[in-house]
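Shown next, in structure tokens, is the structure this report addresses.
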Amino acid sequence: MRKPRPALRLTSLAAASGLLFAGAAAHAQATAPAAAASAPQAQQLETVVVTGIRKSLETSVNLKRSAAGLVDGIVAEDIGKFPDTNLAEAMQRISGVSIDRSNGEGTKVTVRGMGPDFNLVLLNGRQMPGSNIDGSAPSSRSFDFSNLASEGVSALEVYKTSKASTPTGGMGATINIRTPRPFDSRETVASVGVKMVRDSTARNLPAEEQGKQLTPELSGIYSTQFADGMFGIALIGSYQVRDSGYNQAAVTSGWHTFKGSDSGWGPLPNPAPEVKNRPGPNDIYNVPQNLNYAFTGIHRERSNGQLVFQFRPVKDLVGTLDYTMSEQKFRQKRNDISAWFNFGGQFGEYTPGPIATPLVYGEHIPTGNADVAMGTSRTSTSNRNRSVGLNLKWKATDALNFDFDAHHSTATSGADDPLGTSVTLGTASFNRGDTAADFSNKFPVLSIANAPLDPTLQELEGSVFGNSYQRNEINQAQASGKWKIDADSSLDFGISLTDVKNRSAYTNVQRNTWGHNAGSAGGPADMPDNIWHADSIGKYFGGVPGHDSSKLYNQFFYFNFDDVRNAAIKAVGSNLPYLASFDFDNSQNYAAKLAGLPNVGYSFQDMRTTEKTRSLYLQYNRAWEWGIPFDASVGARYEKTDVTSPTRQSIPQSVQWASTNELSIVSGDVTSFSLSGKYSYLLPSIDLSADVTPDTKLRLSYGETIGRPGWANLQGGITLNNPGRIAGNVGSVGNPDLKPLKSRNFDFSAEHYYDKGSYISASYFRKDLSDYIEPVSVAQTPFNLHTPAGSAMFNEAIGKGGCGATASDCIRQYIFKNYPTAPGVNVATQTITGQPGDPLMVFQMATQANSSRKASLNGIELNAQHSFRNGLGFSANFTRVRSSAAYQDGVVGQEFAIDGLGDSGNLVGFYEDTSYSARLAYNWRGRYLITHFGGTDGAQPLYVEPRGQLDLSLGYNLNKQLSLQLEAINLNDAIVRTYMRAQQQVGSVTQLGRRYMIGARYKF
């Protein structure tokens, strides 16, 4: 039998165990005086009541110290008072945890170099569904933390080592979100909070996109027990409105990668007299497809609620019935300006090889032959999460406990606008001359010659109306138990049944030719001049070096979506289907409406994937003395998963050359087919720990985990990018037979707890990866579509007609002039449709496959936290991660690389006394790979530049009931910049801004 531990160790263990298994931090404080009466030594340690920031940090330290394996966490300072307003932003304070931001807010997390899809998020131990809100067909399994308000969270627990009792999917970590329960505290808890938010980004936008300067947030919690503790009820709610925005400069259509010896469509001519330092024959270089400036305003409304009912009919049985809901409405308005490159008449300057990057890329363009494109779009979506669950805890005997848990949870995303989830109208003026993009500074500078803003030249050029829908449903039942064999050993066991259903459906209606063709609706005469509003570009990028360049084409029109749409409807005389609302569930009837309409493309897909997983686990725990105290947990988990993916989609039938560079894919009937797959795993885990001194702990862990493929990778449908391009075409197809990524994990850590709430620690981790899911690109001709590009008429225009191989408009006009009655040629609608005998349209089809290659990932984590006696304190951590699966920038082709891999660090200082509290936090994330696949050229890396952000929070307690808070996010006004093989090869530069919140909280 193990010898008794020191009193301090038992107190810490008791506090942490209460947090982990019953959430009873408040209850432990309430009963502390009674414990002190029977233990004089403990009385000295427990007489000071710690609250606020220090209480949160000390409880988190106890959680880390007493857990089996490596566990970090964040605990609410009080019920309804989580330290950060955003859960993802709170988690970035934990070592090894980095966050992904969407529109300036933290949404998803990367842990120890493993991206969001490989971290499992649980809510009160339950697997939660997730769905996107960005209006596209989703691919990720990762839970979006922005869907939950922090006021309804009592703790975040991050399990970095695997356990047999933990569901699979968390290769980087398993993250458990705990919410308050009425039995957590014997006292009635009631509080309300109000905040006003000022987001500076909401005003740094064109007038059309600007939101309100101040928006409200409300929250409240009520929790109580009654009938002598037999029943308890808790009600938590919050409502938030937030206006924000961002401005972005980006190469939105990607870069084309070439070797210096390449020729044909796209590469620089050889020789290139107007290209300084043209890449050599063995160099890798890139050319941009376009350059775009976009100005986006965002309006969000979030509602959160949780109702919890607990009952204790007998002493040894506790039941919990809970209902959780969240809803987020997302509305986005966007204006942009862009220029498209056609790869003719190139000039500019490149950096030296072997990876050559344009400092300046430009093209000579006869004025009037190309357009200055300006667009307007809006996205309107609604994201709804619902969960109802029942939990029963039964203490059958003093040695045997049982836990049963079941829940039904759904996440649904869809349109919040009768026109669809995302709708776009493109306009242009055809007066563009020589065009160049300067990438020598952080801000990419677009220069255009001979193109003054003129409202009389603006015309409608294209329309895209899209509607997306996703529903993710989880039905899960879990039964577990714990058998206390003797004083030093126990056995954990359990089974789980989990059914996950995922549906992704979307439809797209697109017209690529409007006003630029003679006699077409939407020409300059149809567009009122007073709907265009002139503005400048550079002023919206004040935080980005290079925004004030004298070479910048510093002008654009912003305009209202409905103004342009109404003008188009008036021009054509009716509300045509491609300008109206539609229902993707009624796809057959909608396709019939579009039949015969000129230049309209339509596509539809409805992909459903079902996963059924059955699992069971055993875990043996033992404690013993061998000179020093030891603990061990040894277990294994078995999982079997069956996957099916039925799909309905419209079948592409023909290809229309409807505008200078675009090939429209015209679809017809909808058909159905299904694919399937299955896999099973036995996953062992071992956790060992030794207390080498009363305050120093060593840990050693081994475990095997899996990371399931994303939904887009499993879904069996075939997607063709529409419109296609003369220069090349891309598409994708799913693979339901994919196996999960598997990892063998080794962890070692040393921790020294030298004072209450103070410690230092260092850990080393290694992950050996196999069955890596890597992108594969294969040239295919799906659906055997004939394209007019490369046809006999096309080639004759290049030869006899004297058109250059890249002079698309010249080729089109030659065909219209010389073959006006040829099959597929329609001069009236300015379209050329592919015919039998024309070349088949080739697509680079992207899919996923399990690689036979293996890789390793390893890193170190360093932590330090100290609380001084005068109220001051700090915490600091740093994580360094390296992997053999890193992208090789000098290699063109498929790559074996891990997304999200990168270093991170945090430095937090705080002060607190009975009246005041302050916390200043700096979060840093090093360069990391965000994606490494896409486009017609196979693998393309996309990195995020290193970035640091400074956040501040201040608090003042007027009395025991009323407190005031002030928070400032991104005080240093950090930007987000992405790039590809070299820093000059920009992906995007995003100007964000600062966010301020002032609030009050009243506790009854």
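Letters A, B, ... go to the chains of the structure tokens in the order shown; residues in each chain start at 1; ligands are counted from 1 in the same order.
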- [ ] List the neighbours of range 220-226 of chain A out to 10 Å using only C-alpha atoms; skip same-chain residues closer than 3 positions along the sequence, and give me the result as a PyMOL selection string.
- [x] chain A and resi 79-80+151-152+180-194+229-239+305-311+1001-1004
Open item on the list: So, with only C-alpha atoms as the atoms that count, which of A:Phe145, A:Phe557, A:Phe874, A:Phe896 lies closest to Gln848 in chain A?
Closed with: A:Phe896
TODO: Go ahead and compute the interatomic distance for CA of Asn292 in chain A and CA of Ile569 in chain A, in Å to one decimal.
DONE: 27.4 Å
Task: Selection: 7 Å around range 498-504 of chain A, only C-alpha atoms, excl. self and same-chain fewer than 4 positions, as a PyMOL selection string - done: chain A and resi 137-138+469-477+606-614
Mind checking which residues fall within 7 Å of Leu901 in chain A, counting only C-alpha atoms, ignoring those fewer than 5 positions away in the same chain, and posting them as a short mmCIF file (atom, residue, chain, number, x, y, z; two decimals) with C-alpha atoms, in the first residue's frame?
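Result file is result38.cif:
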```cif
data_model
loop_
_atom_site.label_atom_id
_atom_site.label_comp_id
_atom_site.auth_asym_id
_atom_site.auth_seq_id
_atom_site.Cartn_x
_atom_site.Cartn_y
_atom_site.Cartn_z
CA GLY A 113 1.80 21.42 -35.09
CA MET A 114 -1.33 19.38 -35.83
CA VAL A 881 8.01 22.03 -33.53
CA TYR A 928 3.45 28.00 -40.63
CA LEU A 929 2.09 26.19 -43.67
#
```
Task: Backbone DSSP call of strand (DSSP E) for range 325-550 of chain A, listed as a PyMOL selection string - done: chain A and resi 325-340+346-350+355-356+358-363+370-397+400-415+422-432+435-438+445-448+459-486+489-511+533-535
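Comparing the minimum interatomic distances between Asp398 in chain A and each of A:Lys329, A:Lys484, A:His533, A:Lys756, counting only C-alpha atoms, we find that A:Lys484 sits nearest.
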Task: Counting only C-alpha atoms, the residue of A:Phe765, A:Phe630, A:Tyr916, A:Tyr246 that sits nearest Ile975 in chain A - done: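 Going through A:Phe765, A:Phe630, A:Tyr916, A:Tyr246 one by one, the smallest distance to Ile975 in chain A is for A:Tyr246.
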- [ ] Determine, counting only C-alpha atoms, which protein, DNA and RNA residues have an atom within 6 Å of an atom of Arg300 in chain A; residues of the same chain fewer than 5 positions away are not included. Present the result as number ranges by chain.
- [x] A: 241-242, 329-330
Open item on the list: So that I can see what lies close to Val121 in chain A, please list as an MDAnalysis selection string the residues with an atom at most 7 Å from it, counting only C-alpha atoms and leaving out residues fewer than 6 positions away in the same chain.
Closed with: chainID A and resid 127:128 143 174:176
TODO: For Leu920 in chain A, list every protein, DNA or RNA residue within 8 Å, evaluated using only C-alpha atoms, and leave out those in the same chain fewer than 3 positions away; present the list as a list in words.
DONE: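 Once the adjacent positions are removed, what remains is Val908, Gly909, Phe910, Leu950, Asp951, Leu952 and Ser953 of chain A.
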Can those selected residues be exported to a file as a PDB file, in the first residue's frame so that it contains C-alpha atoms?
```
ATOM      1  CA  VAL A 908       1.414  37.207 -19.961  1.00  0.00           C
ATOM      2  CA  GLY A 909       1.814  39.621 -17.075  1.00  0.00           C
ATOM      3  CA  PHE A 910      -0.879  40.314 -14.509  1.00  0.00           C
ATOM      4  CA  LEU A 950      -0.957  42.245 -27.908  1.00  0.00           C
ATOM      5  CA  ASP A 951      -4.134  42.070 -25.799  1.00  0.00           C
ATOM      6  CA  LEU A 952      -5.053  43.930 -22.609  1.00  0.00           C
ATOM      7  CA  SER A 953      -7.760  43.425 -20.000  1.00  0.00           C
TER       8      SER A 953
END
```
Open item on the list: Using Å and a single decimal, report how far CA of Ser988 in chain A sits from CA of Trp514 in chain A.
Closed with: 29.4 Å
Task: range 426-606 of chain A: residues DSSP assigns to helix (DSSP H, G or I), reported as a PyMOL selection string - done: chain A and resi 455-457+524-526+529-531+538-541+561-572+577-579+584-594
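Remark: for Arg977 in chain A, the closest of the candidate residues A:Ser219, A:Ser440, A:Gln248, A:Ser200 is A:Gln248 (distances computed over only C-alpha atoms).
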